[in-house]
Amino acid sequence: MEIQYTKSKDQADEKESITSDRKLAHLQICLEHDVQAQTVTTGLDDISFIHRATTQLSLNEIDISTEIFGKKLNIPLVISGMTGGHDFAYKLNHFLSKAANKLGIGMGVGSQRAALEDKDLRETFKIVREQAPDSLIIGNIGAGQIALGLSGDEFNEIADMISATAVAIHFNPLQEAIQPEGDTDLKELIAKTTRIIKSSKVPVIAKEVGSGFSLKDIKSIKEMGFSAIDIQGVGGTSWAGVESIRANTPLLKKAGEIFWDWGIPTAISTILSTKNFEGVIIGSGGVRNGLDVAKLIALGADAAGMAIPFLFATQSHSTDAVIALIKEIEYQIRLTCFLTGCQSINELKHAPLVITGKTAEILHYYGINPKEYLQREKK
Ligand SMILES: Cc1cc2nc3c(=O)[nH]c(=O)nc-3n(C[C@H](O)[C@H](O)[C@H](O)COP(=O)(O)O)c2cc1C
């Protein structure tokens, strides 16, 4: 699908059009270039389930539903936040939310910064709640905006705009540092975020965009009072990569290339979170099929998130391809449960796993013995 972009209003206010144009450039780059991790993986390739040949389950009776923030998900899947803020995003959000509502999955929107700056753009986000009145819907704003002084009232406006179930604050220092106009003064971010969370009307999610969270981050996330972590580890879409393609100076372009694969692999960051954080965990970053989703759940996540595959699914210009993608993932999760003897998502959370390779090696460095995931088999 060609991106047909008509600016929502005159270029009178330069700030709002810069935000909106940047979001459109991101979409274009993601659709036209290969922006996936190049030399690292999510680590999910190091993780295998134990096949159960004598399974006695009925494939169709396996229950893969779950609940997050009081919202039922028929499939433990969330469309990670991507768009909003321009005409083209309105269409994408329409297709995605209609499909999410139909099949009972969650959905995040892209950064709502542009809509705070320009009220005319709010419709491009509101469409999501209109199409999915009862679904898990997640609002979105950057940590950079909080560092710049976003108020508690503005944060609650973000939630109210789409009657959000929760709002994600995305931490993306790498992406900002490769952007010519990036927010890189993050002084006092922790104190400011803590204040925002205290005055928030809805649960707040700490989200990365493709570099994951470290053990120290997870501890700060806990201290700041976040209700959930959306991992978004390395191994999928590279935002250093996207910004490097968009960069307007050799300095930024080169930095984006060098840091293309920077971050903590999704599998490692998910394991560290499940062991050190008691809130909701969404495993994400490079999730590409239902087997990946099932692996993250077996590592302790409550659901998984996926971004770029859904962007590609909207390119058919309808909800049908989005629905087909969700159904594929659903079947693959169900099949994993069937072949591991798990009747439900709760049982899948305790399914034995073999963890090998680089992921096992890194876990050892953290003092985590990968054998503990296999020893569940004896229970
Ligand atoms: C076109 C596009 C736009 C995105 N915009 C946002 C955004 O506004 N806010 C945000 O938190 N993440 C944004 N993301 C990042 C995704 O939510 C996700 O963290 C990242 O792409 C890694 O997931 P993936 O490997 O499944 O693509 C965007 C991703 C894509 C593909």
# chains A, B, ... in the order shown; residues from 1 in each chain; ligands from 1
$ select_by_dssp --residues "range 35-251 of chain A" --states "alpha helix (DSSP H)" --output "ChimeraX atom specification"
/A:87-103,113-117,123-131,143-147,152-161,173-178,189-199,215-224,239-246,250-251
$ residues_near_ligand --ligand "ligand 1" --cutoff "6 Å" --atoms "only C-alpha atoms and all ligand atoms" --output "number ranges by chain"
A: 26-27, 30, 80-83, 110-111, 170, 208-210, 232, 236-237, 285-287, 306-308
$ closest_residue --among "A:Ile326, A:Ile141, A:Ile196, A:Leu174" --to "Gly256 in chain A" --atoms "only C-alpha atoms"
A:Leu174
$ atom_distance --atom1 "CA of Ile205 in chain A" --atom2 "CA of Gln38 in chain A"
27.9 Å
$ closest_atom_pairs --of "range 35-153 of chain A" --to "range 339-355 of chain A" --cutoff "10 Å" --atoms "only C-alpha atoms" --output "Markdown table"
| residue | atom | partner | partner_atom | distance |
| --- | --- | --- | --- | --- |
| A:Gly43 | CA | A:Ile355 | CA | 9.4 |
| A:Leu44 | CA | A:Ile355 | CA | 9.0 |
| A:Asp45 | CA | A:Ile355 | CA | 9.1 |
| A:Asp46 | CA | A:Ile355 | CA | 5.7 |
| A:Ile47 | CA | A:Ile355 | CA | 4.7 |
| A:Ser48 | CA | A:Val354 | CA | 5.2 |
| A:Phe49 | CA | A:Leu353 | CA | 4.8 |
| A:Ile50 | CA | A:Leu353 | CA | 6.3 |
| A:His51 | CA | A:Thr340 | CA | 5.6 |
| A:Arg52 | CA | A:Thr340 | CA | 5.2 |
| A:Ala53 | CA | A:Leu339 | CA | 7.1 |
| A:Thr54 | CA | A:Gly341 | CA | 8.4 |
| A:Thr55 | CA | A:Gly341 | CA | 5.3 |
| A:Gln56 | CA | A:Gly341 | CA | 7.2 |
| A:Leu57 | CA | A:Gly341 | CA | 6.7 |
| A:Ser58 | CA | A:Gln343 | CA | 8.7 |
| A:Leu59 | CA | A:Gln343 | CA | 8.9 |
| A:Glu61 | CA | A:Gln343 | CA | 7.9 |
| A:Ile62 | CA | A:Gln343 | CA | 5.0 |
| A:Asp63 | CA | A:Ser344 | CA | 4.9 |
| A:Ile64 | CA | A:Ile345 | CA | 5.3 |
| A:Ser65 | CA | A:Ile345 | CA | 6.9 |
| A:Thr66 | CA | A:Ile345 | CA | 7.0 |
| A:Ile75 | CA | A:Ile345 | CA | 9.4 |
| A:Pro76 | CA | A:Ile345 | CA | 8.2 |
$ atom_distance --atom1 "CA of Glu278 in chain A" --atom2 "CA of Lys295 in chain A"
19.1 Å
$ residues_around --residues "Ile105 in chain A" --least-positions-apart "5" --cutoff "12 Å" --atoms "only C-alpha atoms" --output "JSON list (two decimals) with all heavy atoms, in the first residue's frame"
[["chain", "number", "residue", "atom", "x", "y", "z"],
["A", 64, "ILE", "N", -6.40, -20.82, 25.85],
["A", 64, "ILE", "CA", -5.21, -19.95, 25.84],
["A", 64, "ILE", "C", -5.57, -18.51, 26.24],
["A", 64, "ILE", "O", -4.83, -17.58, 25.95],
["A", 64, "ILE", "CB", -4.44, -20.00, 24.49],
["A", 64, "ILE", "CG1", -5.31, -19.50, 23.33],
["A", 64, "ILE", "CG2", -3.90, -21.38, 24.21],
["A", 64, "ILE", "CD1", -4.46, -19.18, 22.08],
["A", 65, "SER", "N", -6.70, -18.36, 26.91],
["A", 65, "SER", "CA", -7.07, -17.00, 27.32],
["A", 65, "SER", "C", -6.32, -16.62, 28.59],
["A", 65, "SER", "O", -5.81, -17.48, 29.32],
["A", 65, "SER", "CB", -8.58, -16.92, 27.55],
["A", 65, "SER", "OG", -8.92, -17.66, 28.71],
["A", 66, "THR", "N", -6.25, -15.33, 28.82],
["A", 66, "THR", "CA", -5.62, -14.83, 30.03],
["A", 66, "THR", "C", -6.26, -13.50, 30.39],
["A", 66, "THR", "O", -7.18, -13.05, 29.70],
["A", 66, "THR", "CB", -4.08, -14.72, 29.84],
["A", 66, "THR", "OG1", -3.50, -14.44, 31.11],
["A", 66, "THR", "CG2", -3.68, -13.64, 28.87],
["A", 67, "GLU", "N", -5.76, -12.85, 31.45],
["A", 67, "GLU", "CA", -6.34, -11.57, 31.84],
["A", 67, "GLU", "C", -5.23, -10.61, 32.24],
["A", 67, "GLU", "O", -4.29, -11.01, 32.94],
["A", 67, "GLU", "CB", -7.27, -11.81, 33.05],
["A", 67, "GLU", "CG", -8.32, -10.75, 33.18],
["A", 67, "GLU", "CD", -9.18, -10.95, 34.43],
["A", 67, "GLU", "OE1", -10.08, -11.80, 34.37],
["A", 67, "GLU", "OE2", -8.93, -10.24, 35.43],
["A", 68, "ILE", "N", -5.32, -9.38, 31.75],
["A", 68, "ILE", "CA", -4.34, -8.36, 32.14],
["A", 68, "ILE", "C", -5.10, -7.09, 32.52],
["A", 68, "ILE", "O", -5.96, -6.64, 31.76],
["A", 68, "ILE", "CB", -3.36, -8.07, 30.97],
["A", 68, "ILE", "CG1", -2.44, -9.27, 30.75],
["A", 68, "ILE", "CG2", -2.52, -6.83, 31.24],
["A", 68, "ILE", "CD1", -1.40, -9.09, 29.68],
["A", 71, "LYS", "N", -8.75, -7.07, 32.03],
["A", 71, "LYS", "CA", -9.30, -7.26, 30.68],
["A", 71, "LYS", "C", -8.96, -8.67, 30.19],
["A", 71, "LYS", "O", -7.78, -9.08, 30.24],
["A", 71, "LYS", "CB", -8.67, -6.25, 29.70],
["A", 71, "LYS", "CG", -9.01, -4.82, 30.02],
["A", 71, "LYS", "CD", -10.40, -4.46, 29.52],
["A", 71, "LYS", "CE", -10.70, -3.00, 29.74],
["A", 71, "LYS", "NZ", -12.10, -2.66, 29.45],
["A", 72, "LYS", "N", -9.98, -9.35, 29.70],
["A", 72, "LYS", "CA", -9.73, -10.71, 29.20],
["A", 72, "LYS", "C", -9.08, -10.65, 27.82],
["A", 72, "LYS", "O", -9.50, -9.88, 26.95],
["A", 72, "LYS", "CB", -11.06, -11.47, 29.11],
["A", 72, "LYS", "CG", -10.83, -12.92, 28.74],
["A", 72, "LYS", "CD", -12.11, -13.72, 28.61],
["A", 72, "LYS", "CE", -11.74, -15.15, 28.22],
["A", 72, "LYS", "NZ", -12.82, -15.88, 27.60],
["A", 73, "LEU", "N", -8.04, -11.45, 27.62],
["A", 73, "LEU", "CA", -7.45, -11.61, 26.29],
["A", 73, "LEU", "C", -7.75, -13.04, 25.85],
["A", 73, "LEU", "O", -7.40, -13.99, 26.56],
["A", 73, "LEU", "CB", -5.92, -11.42, 26.33],
["A", 73, "LEU", "CG", -5.37, -10.06, 26.79],
["A", 73, "LEU", "CD1", -3.85, -10.07, 26.75],
["A", 73, "LEU", "CD2", -5.89, -8.95, 25.90],
["A", 74, "ASN", "N", -8.39, -13.22, 24.71],
["A", 74, "ASN", "CA", -8.65, -14.59, 24.22],
["A", 74, "ASN", "C", -7.35, -15.28, 23.84],
["A", 74, "ASN", "O", -7.25, -16.50, 23.86],
["A", 74, "ASN", "CB", -9.57, -14.56, 23.01],
["A", 74, "ASN", "CG", -10.97, -14.12, 23.38],
["A", 74, "ASN", "OD1", -11.33, -14.19, 24.56],
["A", 74, "ASN", "ND2", -11.74, -13.65, 22.42],
["A", 75, "ILE", "N", -6.38, -14.47, 23.44],
["A", 75, "ILE", "CA", -5.05, -14.96, 23.05],
["A", 75, "ILE", "C", -4.06, -14.06, 23.81],
["A", 75, "ILE", "O", -4.29, -12.84, 23.87],
["A", 75, "ILE", "CB", -4.85, -14.77, 21.52],
["A", 75, "ILE", "CG1", -6.01, -15.42, 20.75],
["A", 75, "ILE", "CG2", -3.51, -15.32, 21.04],
["A", 75, "ILE", "CD1", -6.14, -14.92, 19.31],
["A", 76, "PRO", "N", -2.99, -14.61, 24.38],
["A", 76, "PRO", "CA", -2.10, -13.76, 25.19],
["A", 76, "PRO", "C", -1.19, -12.88, 24.31],
["A", 76, "PRO", "O", 0.03, -13.03, 24.29],
["A", 76, "PRO", "CB", -1.29, -14.78, 26.01],
["A", 76, "PRO", "CG", -1.28, -16.01, 25.15],
["A", 76, "PRO", "CD", -2.56, -16.03, 24.37],
["A", 77, "LEU", "N", -1.82, -11.98, 23.60],
["A", 77, "LEU", "CA", -1.11, -11.21, 22.58],
["A", 77, "LEU", "C", -1.55, -9.75, 22.58],
["A", 77, "LEU", "O", -2.73, -9.45, 22.72],
["A", 77, "LEU", "CB", -1.41, -11.82, 21.20],
["A", 77, "LEU", "CG", -0.67, -11.24, 20.00],
["A", 77, "LEU", "CD1", 0.84, -11.52, 20.09],
["A", 77, "LEU", "CD2", -1.21, -11.82, 18.69],
["A", 78, "VAL", "N", -0.56, -8.87, 22.40],
["A", 78, "VAL", "CA", -0.82, -7.43, 22.34],
["A", 78, "VAL", "C", -0.12, -6.88, 21.11],
["A", 78, "VAL", "O", 1.04, -7.21, 20.85],
["A", 78, "VAL", "CB", -0.25, -6.73, 23.61],
["A", 78, "VAL", "CG1", -0.43, -5.23, 23.54],
["A", 78, "VAL", "CG2", -0.89, -7.28, 24.89],
["A", 79, "ILE", "N", -0.82, -6.07, 20.34],
["A", 79, "ILE", "CA", -0.18, -5.37, 19.22],
["A", 79, "ILE", "C", 0.60, -4.21, 19.84],
["A", 79, "ILE", "O", 0.01, -3.33, 20.48],
["A", 79, "ILE", "CB", -1.23, -4.84, 18.21],
["A", 79, "ILE", "CG1", -2.08, -5.99, 17.65],
["A", 79, "ILE", "CG2", -0.55, -4.04, 17.10],
["A", 79, "ILE", "CD1", -3.24, -5.55, 16.75],
["A", 80, "SER", "N", 1.92, -4.23, 19.69],
["A", 80, "SER", "CA", 2.74, -3.19, 20.34],
["A", 80, "SER", "C", 2.47, -1.83, 19.70],
["A", 80, "SER", "O", 2.20, -1.74, 18.50],
["A", 80, "SER", "CB", 4.23, -3.53, 20.20],
["A", 80, "SER", "OG", 4.50, -4.78, 20.79],
["A", 96, "LEU", "N", -6.12, -2.30, 12.65],
["A", 96, "LEU", "CA", -5.55, -3.08, 13.76],
["A", 96, "LEU", "C", -6.56, -3.24, 14.91],
["A", 96, "LEU", "O", -6.74, -4.35, 15.43],
["A", 96, "LEU", "CB", -4.28, -2.40, 14.29],
["A", 96, "LEU", "CG", -3.08, -2.38, 13.32],
["A", 96, "LEU", "CD1", -1.96, -1.51, 13.88],
["A", 96, "LEU", "CD2", -2.55, -3.79, 13.05],
["A", 97, "SER", "N", -7.24, -2.14, 15.26],
["A", 97, "SER", "CA", -8.14, -2.21, 16.42],
["A", 97, "SER", "C", -9.38, -3.04, 16.11],
["A", 97, "SER", "O", -9.90, -3.73, 16.98],
["A", 97, "SER", "CB", -8.52, -0.82, 16.91],
["A", 97, "SER", "OG", -9.01, -0.04, 15.85],
["A", 98, "LYS", "N", -9.82, -2.98, 14.85],
["A", 98, "LYS", "CA", -11.00, -3.77, 14.48],
["A", 98, "LYS", "C", -10.68, -5.27, 14.63],
["A", 98, "LYS", "O", -11.47, -6.04, 15.17],
["A", 98, "LYS", "CB", -11.36, -3.45, 13.02],
["A", 98, "LYS", "CG", -12.77, -3.77, 12.68],
["A", 98, "LYS", "CD", -13.15, -3.15, 11.35],
["A", 98, "LYS", "CE", -14.47, -3.77, 10.90],
["A", 98, "LYS", "NZ", -14.81, -3.39, 9.55],
["A", 99, "ALA", "N", -9.49, -5.64, 14.16],
["A", 99, "ALA", "CA", -9.06, -7.04, 14.26],
["A", 99, "ALA", "C", -8.83, -7.44, 15.72],
["A", 99, "ALA", "O", -9.24, -8.52, 16.16],
["A", 99, "ALA", "CB", -7.79, -7.25, 13.44],
["A", 100, "ALA", "N", -8.20, -6.53, 16.48],
["A", 100, "ALA", "CA", -7.93, -6.82, 17.90],
["A", 100, "ALA", "C", -9.23, -7.06, 18.64],
["A", 100, "ALA", "O", -9.35, -7.99, 19.45],
["A", 100, "ALA", "CB", -7.17, -5.65, 18.53],
["A", 132, "ALA", "N", -12.63, -0.80, 19.42],
["A", 132, "ALA", "CA", -12.43, -1.86, 20.42],
["A", 132, "ALA", "C", -12.90, -1.36, 21.79],
["A", 132, "ALA", "O", -12.08, -1.07, 22.67],
["A", 132, "ALA", "CB", -10.96, -2.28, 20.45],
["A", 134, "ASP", "N", -14.21, -2.56, 24.47],
["A", 134, "ASP", "CA", -13.96, -3.24, 25.75],
["A", 134, "ASP", "C", -12.56, -3.85, 25.85],
["A", 134, "ASP", "O", -12.28, -4.59, 26.78],
["A", 134, "ASP", "CB", -15.00, -4.36, 25.95],
["A", 134, "ASP", "CG", -16.41, -3.79, 26.00],
["A", 134, "ASP", "OD1", -16.57, -2.74, 26.65],
["A", 134, "ASP", "OD2", -17.30, -4.36, 25.35],
["A", 135, "SER", "N", -11.72, -3.58, 24.87],
["A", 135, "SER", "CA", -10.42, -4.28, 24.83],
["A", 135, "SER", "C", -9.37, -3.63, 25.73],
["A", 135, "SER", "O", -9.53, -2.50, 26.17],
["A", 135, "SER", "CB", -9.88, -4.30, 23.40],
["A", 135, "SER", "OG", -10.81, -4.89, 22.54],
["A", 136, "LEU", "N", -8.30, -4.38, 25.93],
["A", 136, "LEU", "CA", -7.11, -3.84, 26.60],
["A", 136, "LEU", "C", -6.46, -2.87, 25.62],
["A", 136, "LEU", "O", -5.92, -3.28, 24.58],
["A", 136, "LEU", "CB", -6.13, -4.98, 26.92],
["A", 136, "LEU", "CG", -4.74, -4.57, 27.40],
["A", 136, "LEU", "CD1", -4.79, -4.12, 28.86],
["A", 136, "LEU", "CD2", -3.74, -5.69, 27.26],
["A", 137, "ILE", "N", -6.53, -1.58, 25.92],
["A", 137, "ILE", "CA", -5.96, -0.56, 25.03],
["A", 137, "ILE", "C", -4.92, 0.23, 25.82],
["A", 137, "ILE", "O", -5.19, 0.70, 26.92],
["A", 137, "ILE", "CB", -7.06, 0.39, 24.47],
["A", 137, "ILE", "CG1", -8.05, -0.40, 23.60],
["A", 137, "ILE", "CG2", -6.45, 1.55, 23.69],
["A", 137, "ILE", "CD1", -7.51, -0.98, 22.31],
["A", 138, "ILE", "N", -3.73, 0.36, 25.23],
["A", 138, "ILE", "CA", -2.61, 0.96, 25.95],
["A", 138, "ILE", "C", -2.19, 2.27, 25.29],
["A", 138, "ILE", "O", -1.86, 2.30, 24.10],
["A", 138, "ILE", "CB", -1.42, -0.03, 26.00],
["A", 138, "ILE", "CG1", -1.86, -1.35, 26.66],
["A", 138, "ILE", "CG2", -0.23, 0.58, 26.74],
["A", 138, "ILE", "CD1", -0.85, -2.48, 26.57],
["A", 303, "ALA", "N", 1.90, -12.15, 28.70],
["A", 303, "ALA", "CA", 1.46, -12.08, 27.31],
["A", 303, "ALA", "C", 2.68, -11.65, 26.50],
["A", 303, "ALA", "O", 3.74, -11.35, 27.07],
["A", 303, "ALA", "CB", 0.35, -11.05, 27.15],
["A", 304, "ALA", "N", 2.54, -11.64, 25.17],
["A", 304, "ALA", "CA", 3.65, -11.19, 24.32],
["A", 304, "ALA", "C", 3.17, -10.05, 23.43],
["A", 304, "ALA", "O", 1.97, -9.92, 23.15],
["A", 304, "ALA", "CB", 4.17, -12.34, 23.48],
["A", 305, "GLY", "N", 4.12, -9.23, 23.01],
["A", 305, "GLY", "CA", 3.80, -8.10, 22.13],
["A", 305, "GLY", "C", 4.54, -8.22, 20.82],
["A", 305, "GLY", "O", 5.63, -8.77, 20.76],
["A", 306, "MET", "N", 3.92, -7.68, 19.78],
["A", 306, "MET", "CA", 4.51, -7.79, 18.44],
["A", 306, "MET", "C", 4.18, -6.52, 17.66],
["A", 306, "MET", "O", 3.01, -6.11, 17.64],
["A", 306, "MET", "CB", 3.83, -8.99, 17.78],
["A", 306, "MET", "CG", 4.64, -9.73, 16.80],
["A", 306, "MET", "SD", 3.85, -11.34, 16.53],
["A", 306, "MET", "CE", 3.09, -11.02, 14.98],
["A", 322, "VAL", "N", -4.79, -8.81, 8.98],
["A", 322, "VAL", "CA", -4.46, -8.70, 10.41],
["A", 322, "VAL", "C", -5.13, -9.85, 11.16],
["A", 322, "VAL", "O", -4.51, -10.52, 11.99],
["A", 322, "VAL", "CB", -4.92, -7.33, 10.98],
["A", 322, "VAL", "CG1", -4.51, -7.20, 12.45],
["A", 322, "VAL", "CG2", -4.36, -6.18, 10.16],
["A", 323, "ILE", "N", -6.39, -10.12, 10.79],
["A", 323, "ILE", "CA", -7.12, -11.23, 11.42],
["A", 323, "ILE", "C", -6.42, -12.55, 11.11],
["A", 323, "ILE", "O", -6.24, -13.40, 11.99],
["A", 323, "ILE", "CB", -8.59, -11.23, 10.95],
["A", 323, "ILE", "CG1", -9.32, -10.06, 11.62],
["A", 323, "ILE", "CG2", -9.29, -12.56, 11.25],
["A", 323, "ILE", "CD1", -10.74, -9.83, 11.17],
["A", 326, "ILE", "N", -3.35, -12.92, 13.29],
["A", 326, "ILE", "CA", -3.68, -13.25, 14.69],
["A", 326, "ILE", "C", -4.10, -14.72, 14.79],
["A", 326, "ILE", "O", -3.71, -15.43, 15.72],
["A", 326, "ILE", "CB", -4.80, -12.31, 15.23],
["A", 326, "ILE", "CG1", -4.33, -10.86, 15.19],
["A", 326, "ILE", "CG2", -5.18, -12.70, 16.67],
["A", 326, "ILE", "CD1", -5.44, -9.83, 15.48],
["A", 327, "LYS", "N", -4.87, -15.19, 13.80],
["A", 327, "LYS", "CA", -5.33, -16.59, 13.83],
["A", 327, "LYS", "C", -4.16, -17.57, 13.70],
["A", 327, "LYS", "O", -4.14, -18.62, 14.33],
["A", 327, "LYS", "CB", -6.36, -16.83, 12.72],
["A", 327, "LYS", "CG", -7.72, -16.27, 13.08],
["A", 327, "LYS", "CD", -8.77, -16.69, 12.08],
["A", 327, "LYS", "CE", -10.16, -16.29, 12.57],
["A", 327, "LYS", "NZ", -11.16, -16.38, 11.51],
["A", 329, "ILE", "N", -1.12, -17.00, 14.73],
["A", 329, "ILE", "CA", -0.40, -16.99, 16.02],
["A", 329, "ILE", "C", -1.18, -17.81, 17.05],
["A", 329, "ILE", "O", -0.61, -18.60, 17.80],
["A", 329, "ILE", "CB", -0.17, -15.54, 16.49],
["A", 329, "ILE", "CG1", 0.78, -14.86, 15.50],
["A", 329, "ILE", "CG2", 0.40, -15.48, 17.90],
["A", 329, "ILE", "CD1", 0.84, -13.37, 15.61],
["A", 330, "GLU", "N", -2.48, -17.61, 17.04],
["A", 330, "GLU", "CA", -3.33, -18.35, 17.98],
["A", 330, "GLU", "C", -3.12, -19.86, 17.81],
["A", 330, "GLU", "O", -2.93, -20.60, 18.78],
["A", 330, "GLU", "CB", -4.81, -18.00, 17.76],
["A", 330, "GLU", "CG", -5.69, -18.79, 18.71],
["A", 330, "GLU", "CD", -7.17, -18.74, 18.36],
["A", 330, "GLU", "OE1", -7.52, -18.35, 17.23],
["A", 330, "GLU", "OE2", -7.97, -19.13, 19.22]]
$ atom_distance --atom1 "CA of Asn369 in chain A" --atom2 "CA of Ile268 in chain A"
12.7 Å
$ residues_around --residues "Ala191 in chain A" --least-positions-apart "5" --cutoff "12 Å" --atoms "only C-alpha atoms" --output "VMD selection string"
chain A and resid 143 146 to 147 149 186 196 to 198 220 to 221 223 to 225
$ closest_residue --among "A:Tyr365, A:Phe277, A:Phe95, A:Trp239" --to "Lys216 in chain A" --atoms "only C-alpha atoms"
A:Phe277
$ closest_residue --among "A:Ile368, A:Ile162, A:Ala168, A:Cys337" --to "Ala298 in chain A" --atoms "only C-alpha atoms"
A:Cys337
$ closest_residue --among "A:Gly235, A:Gly367, A:Pro250, A:Gly279" --to "Val35 in chain A" --atoms "only C-alpha atoms"
A:Gly235
$ select_by_dssp --residues "range 136-357 of chain A" --states "strand (DSSP E or B)" --output "ChimeraX atom specification"
/A:137-142,166-170,204-207,228-230,234,237,265,280-284,303-306,344,353-355
$ closest_residue --among "A:Phe259, A:Ala166, A:Ser199, A:Ile281" --to "Ile218 in chain A" --atoms "only C-alpha atoms"
A:Ile281
